[in-house]
2 protein chains.
Amino acid sequence: MVGSVALDTVETPFGKVTEALGGSATYIALAASYFTAPIRIVAVVGGDFPKREIEFLEERNIDLDGLQVVEEGKTFRWAGRYHYDLNARDTMYTHLNVFEKFDPVIPASYKKSAYICLGNIDPVLQRKVLEGLDKPRLVVGDTMNYWIEHKPKELLETLKVMNVIVLNDSETRLLTREPNLVKAARKIIQLGPHVVIIKKGEHGALLVTDDTIFSAPAYPLENIHDPTGAGDAFAGGLIGWLAKTDDLSVKNLKRAVIYGSTLASFCVEEFSVEGLRDLSSLKIQDRYRSFLELSRFDEQ
Amino acid sequence: MVGSVALDTVETPFGKVTEALGGSATYIALAASYFTAPIRIVAVVGGDFPKREIEFLEERNIDLDGLQVVEEGKTFRWAGRYHYDLNARDTMYTHLNVFEKFDPVIPASYKKSAYICLGNIDPVLQRKVLEGLDKPRLVVGDTMNYWIEHKPKELLETLKVMNVIVLNDSETRLLTREPNLVKAARKIIQLGPHVVIIKKGEHGALLVTDDTIFSAPAYPLENIHDPTGAGDAFAGGLIGWLAKTDDLSVKNLKRAVIYGSTLASFCVEEFSVEGLRDLSSLKIQDRYRSFLELSRFDEQ
C-alpha cells in the first residue's frame, strides 16, 4: 500500500478528535490487515509520529520497512469539519509537512508483492512505485479531484497501468465529463483499468467491467460518526480479500466489493481509525451476511 | 388511483415533447395496468383532453368512471426543463386549470376497491378519497415537498391512514428533519405508515419496516431520456404487483419494490408515457431478472 500516513483533526456533528491517526495508507493497510499478512506500507512520517501508533500498526502485522521516518520533520496533518448531513466537509487546514517531498522508495523485501494498492497520491509517484516492483498480479488505484484537475496527463499515463480503479461518483464524472455513471465507467475502461469501482457513499458502490455491472448496497448505518477514511477502508477491504483469495473472477470481485463495503461501514461508525482497531473475522463475516440479507430478493 | 392527469411539455438534453400525456394518476395507472385489471382512476381533465388518449387508457383496461371531464375547462398543464445530468429540473410553468378545483368523487362502482394508491395531491383530498371507500386492504400514499411545507398538519393526519408511504430522499429528509434515511424512515413509521419506501433515483430504493431494511438497486440505464413520472411508475408497479398477488409479506413487498423499479426503469427510457405504452409480461420479467443479476452476490 502506498499513500499518506497522517494526523487528522476532525469535527463532525457527533464529536471531535485532535491529531488522531489517519492517512490513506493507514486506512487501506488496517482494513486489508483483517484479511492477509503481512501488509507492506510505503509512506512517510515525521519524527513526531507517535510511537504507540507505530506499535499498533506492527501489532496488526503491517510491515513498516517502507515507512520513511524523517526525524527532523513533522508528520502530515489535516483538519476538516463535516456538515450536519456528513455529505460535505470543509478543510480547515492541510499541512503537508514531510509528505510534501515524499519520494516513495520500495524496499528490496517488497519487490515481489503481488497485490498493490496505490492510494491517493500524485499519479507520477504512483507510477514510480510500480517501477520498483516485479510484475504485480493486481494493481488497484485510487485518485482524487485534485489530480484529475491538476495533473490530467500524468493521471492518464498512470491509468494505463492500473487494473482496477476505485473512484467516487463525483471524481468519475469529473474525469470523464459524463454524468451517467455507467457510460462514465465504460469510458474509463477505454483508458486502461479493466475494472471500475465507483463508490457512492451512502448509496453503495457500482462495479463495472466490460460485460458486467454489479450494484452493491450501502450498509444502512443509523450511526455514522466520522466518514473520514471510508473510501480507503473500502479499497483496503477490497484488495485484502482479493489478496487472501487470489481469485480475480468477476464472482470474487463482487465479494471483494462487499468486503470493501463492510470495512468502510465499520470505519465510519467511529472517529479516526477506531472502527478498524479491533475487528475480528467473526464481526466481518456477520456484517457480510447482513449485506446479503439487506439486498436479497427472490425470483418470482 | 387518484392523482393528476396532465399534458406535459418536457425538455431534456435528449429532446422535447409538447403537451404529451402525463400526470401522476396516468403514470401510476399505466404502470399498474401491466399487473392487474381493472385499474380505476379518480382524476379530472378538461374538454380539450385528447380523445385518442382516452381510448389508449381504456385499451389498457383503465376504468375511467372516476375521471371527471369538465367540458368547458382546460386540462392541467405542466412544462419543465431538465438539467444536463437529469438530476435537477426547472419548472417553466404550471397551469392547474381544472385541477385547481379538483374534488375527487368516488363512483359507486369503485367502493370496494382493495388496493388504493393516493398519488401526490392535497393531503386533505387524499383523505377524502379514503372516506368514499369500504375498508381497503392497502393504502399506498405519495406526497411532495409542497404539501410537507404548506400543509404539514393535514399531511400528518393523512399519514395516519396510509399503510405504505412512497417518498423520495429529499422529501424524507424534509418531512423528518433527519439527514440519516434509516433514522428518518423510523420516524415516519411512528407517524402511521408501517412501510416506508424511499426512492433514491439513480441510487435505487430503500424499503424500511419495523424490523427490516431492504436496499433495492437502481437499474443502471445508459440511456435515460426523460425522468418525468419515474416515481409514479414506481408506485404503480409496486401496487400493481401487490394487488395481483394479494400478499403483503415482507418477502413480497421486496419483490414489489423491484417491480416498481422495473416499471420506473422503462418509464425513463422514453419521453412522456411512451416507455409504458407497449410493455409485456415478458419484457417486465426479463428486466426483473436483470435486477436480480445486477445485485446478486454469494455467501462466502
# chains A, B, ... in the order shown; residues from 1 in each chain; ligands from 1

call {"tool": "interface_residues", "arguments": {"of": "chain A", "to": "chain B", "cutoff": "10 Å", "atoms": "only C-alpha atoms", "output": "JSON, numbers by chain"}}
result
{"A": [84, 85, 86, 87, 178, 179, 180, 181, 182, 183, 184, 200, 202, 203, 204, 205, 206, 207, 212, 213, 214, 215, 216, 217, 218, 219, 220, 221, 222, 223, 224, 251, 252, 253, 254, 255, 257, 258, 285, 288, 289, 291, 292, 293, 294, 295, 296, 297, 298, 299, 300]}

call {"tool": "select_by_dssp", "arguments": {"residues": "range 169-275 of chain A", "states": "helix (DSSP H, G or I)", "output": "compact mmCIF listing (two decimals) with C-alpha atoms, in the first residue's frame"}}
result
# COMPACT_ATOMS: atom_id res chain seq x y z
CA ASP A 169 -19.08 9.29 -8.16
CA SER A 170 -18.05 12.94 -8.44
CA GLU A 171 -14.47 12.00 -9.37
CA THR A 172 -15.86 9.64 -12.01
CA ARG A 173 -17.92 12.42 -13.55
CA LEU A 174 -15.06 14.90 -13.34
CA LEU A 175 -12.62 12.52 -15.01
CA THR A 176 -14.93 11.64 -17.89
CA LEU A 181 -22.06 6.64 -14.23
CA VAL A 182 -22.28 3.53 -16.37
CA LYS A 183 -21.28 5.41 -19.51
CA ALA A 184 -18.53 7.11 -17.50
CA ALA A 185 -17.21 3.76 -16.25
CA ARG A 186 -17.10 2.45 -19.81
CA LYS A 187 -15.07 5.49 -20.83
CA ILE A 188 -12.59 4.79 -18.02
CA ILE A 189 -12.25 1.17 -19.16
CA GLN A 190 -11.06 2.58 -22.50
CA GLY A 201 -21.05 6.79 -0.19
CA GLU A 202 -24.42 6.26 1.44
CA HIS A 203 -25.69 4.80 -1.85
CA ALA A 230 -14.32 5.30 4.35
CA GLY A 231 -13.08 5.19 0.76
CA ASP A 232 -9.65 3.97 1.82
CA ALA A 233 -11.11 1.35 4.15
CA PHE A 234 -13.19 0.23 1.17
CA ALA A 235 -10.09 -0.12 -1.01
CA GLY A 236 -8.27 -1.94 1.78
CA GLY A 237 -11.05 -4.43 2.38
CA LEU A 238 -11.34 -4.99 -1.37
CA ILE A 239 -7.68 -5.68 -2.02
CA GLY A 240 -7.28 -7.57 1.26
CA TRP A 241 -9.95 -10.01 0.19
CA LEU A 242 -8.52 -10.37 -3.32
CA ALA A 243 -5.01 -10.98 -1.96
CA LYS A 244 -6.31 -13.55 0.52
CA THR A 245 -8.25 -15.49 -2.10
CA VAL A 250 -16.00 -11.47 -11.53
CA LYS A 251 -17.79 -13.55 -8.91
CA ASN A 252 -14.97 -12.96 -6.45
CA LEU A 253 -14.64 -9.30 -7.40
CA LYS A 254 -18.26 -8.88 -6.31
CA ARG A 255 -17.45 -10.44 -2.95
CA ALA A 256 -14.45 -8.13 -2.69
CA VAL A 257 -16.70 -5.10 -3.23
CA ILE A 258 -18.90 -6.30 -0.37
CA TYR A 259 -15.86 -6.84 1.87
CA GLY A 260 -14.73 -3.34 0.95
CA SER A 261 -18.17 -2.01 1.86
CA THR A 262 -18.06 -3.99 5.09
CA LEU A 263 -14.76 -2.46 6.19
CA ALA A 264 -15.97 1.01 5.18
CA SER A 265 -19.10 0.52 7.27
CA PHE A 266 -17.04 -0.30 10.36
CA CYS A 267 -14.74 2.62 9.64
CA VAL A 268 -17.44 5.30 9.72
CA GLU A 274 -11.05 3.46 15.92
CA GLY A 275 -13.57 1.40 13.98

call {"tool": "closest_residue", "arguments": {"among": "A:Leu64, A:Val195, A:Ala108, A:Ile116", "to": "Val2 in chain A", "atoms": "only C-alpha atoms"}}
result
A:Ile116

call {"tool": "residues_around", "arguments": {"residues": "Tyr115 in chain A", "least_positions_apart": "2", "cutoff": "6 Å", "atoms": "only C-alpha atoms", "output": "count of residues only"}}
result
3

call {"tool": "select_by_dssp", "arguments": {"residues": "range 119-243 of chain A", "states": "strand (DSSP E)", "output": "JSON, numbers by chain"}}
result
{"A": [138, 139, 140, 141, 142, 164, 165, 166, 167, 168, 195, 196, 197, 198, 199, 205, 206, 207, 208, 213, 214, 215, 216]}

call {"tool": "atom_distance", "arguments": {"atom1": "CA of Lys111 in chain B", "atom2": "CA of Ser33 in chain B"}}
result
19.0 Å

call {"tool": "closest_residue", "arguments": {"among": "A:Lys101, A:Arg60, A:Arg177, A:Arg89", "to": "Gly73 in chain A", "atoms": "only C-alpha atoms"}}
result
A:Lys101

call {"tool": "atom_distance", "arguments": {"atom1": "CA of Glu154 in chain A", "atom2": "CA of Thr94 in chain A"}}
result
23.0 Å

call {"tool": "atom_distance", "arguments": {"atom1": "CA of Asp8 in chain B", "atom2": "CA of Thr228 in chain B"}}
result
9.2 Å

call {"tool": "residues_around", "arguments": {"residues": "Asp142 in chain A", "least_positions_apart": "2", "cutoff": "6 Å", "atoms": "only C-alpha atoms", "output": "ChimeraX atom specification"}}
result
/A:119-120,165-166

call {"tool": "write_last_selection", "arguments": {"atoms": "all heavy atoms", "output": "PDB file, in the first residue's frame"}}
result
ATOM      1  N   GLY A 119      -2.677   4.206  -3.148  1.00  0.00           N
ATOM      2  CA  GLY A 119      -3.553   5.199  -2.511  1.00  0.00           C
ATOM      3  C   GLY A 119      -3.441   6.510  -3.246  1.00  0.00           C
ATOM      4  O   GLY A 119      -2.633   6.691  -4.174  1.00  0.00           O
ATOM      5  N   ASN A 120      -4.271   7.438  -2.809  1.00  0.00           N
ATOM      6  CA  ASN A 120      -4.402   8.705  -3.494  1.00  0.00           C
ATOM      7  C   ASN A 120      -3.190   9.619  -3.275  1.00  0.00           C
ATOM      8  O   ASN A 120      -3.148  10.417  -2.351  1.00  0.00           O
ATOM      9  CB  ASN A 120      -5.697   9.344  -2.993  1.00  0.00           C
ATOM     10  CG  ASN A 120      -5.740  10.796  -3.269  1.00  0.00           C
ATOM     11  OD1 ASN A 120      -5.289  11.250  -4.324  1.00  0.00           O
ATOM     12  ND2 ASN A 120      -6.262  11.553  -2.308  1.00  0.00           N
ATOM     13  N   ILE A 165      -9.613   0.517 -10.875  1.00  0.00           N
ATOM     14  CA  ILE A 165      -9.616   1.863 -10.309  1.00  0.00           C
ATOM     15  C   ILE A 165     -10.831   2.025  -9.401  1.00  0.00           C
ATOM     16  O   ILE A 165     -11.924   1.538  -9.709  1.00  0.00           O
ATOM     17  CB  ILE A 165      -9.558   2.968 -11.388  1.00  0.00           C
ATOM     18  CG1 ILE A 165      -9.365   4.338 -10.715  1.00  0.00           C
ATOM     19  CG2 ILE A 165     -10.796   2.947 -12.270  1.00  0.00           C
ATOM     20  CD1 ILE A 165      -8.949   5.433 -11.673  1.00  0.00           C
ATOM     21  N   VAL A 166     -10.591   2.664  -8.282  1.00  0.00           N
ATOM     22  CA  VAL A 166     -11.638   2.911  -7.300  1.00  0.00           C
ATOM     23  C   VAL A 166     -11.807   4.427  -7.204  1.00  0.00           C
ATOM     24  O   VAL A 166     -10.865   5.136  -6.878  1.00  0.00           O
ATOM     25  CB  VAL A 166     -11.231   2.337  -5.923  1.00  0.00           C
ATOM     26  CG1 VAL A 166     -12.323   2.572  -4.900  1.00  0.00           C
ATOM     27  CG2 VAL A 166     -10.921   0.848  -6.027  1.00  0.00           C
TER      28      VAL A 166
END

call {"tool": "residues_around", "arguments": {"residues": "Gln126 in chain A", "least_positions_apart": "5", "cutoff": "12 Å", "atoms": "only C-alpha atoms", "output": "ChimeraX atom specification"}}
result
/A:1-3,42-43,102-106,116-121,131-133,139-143,147,154-162
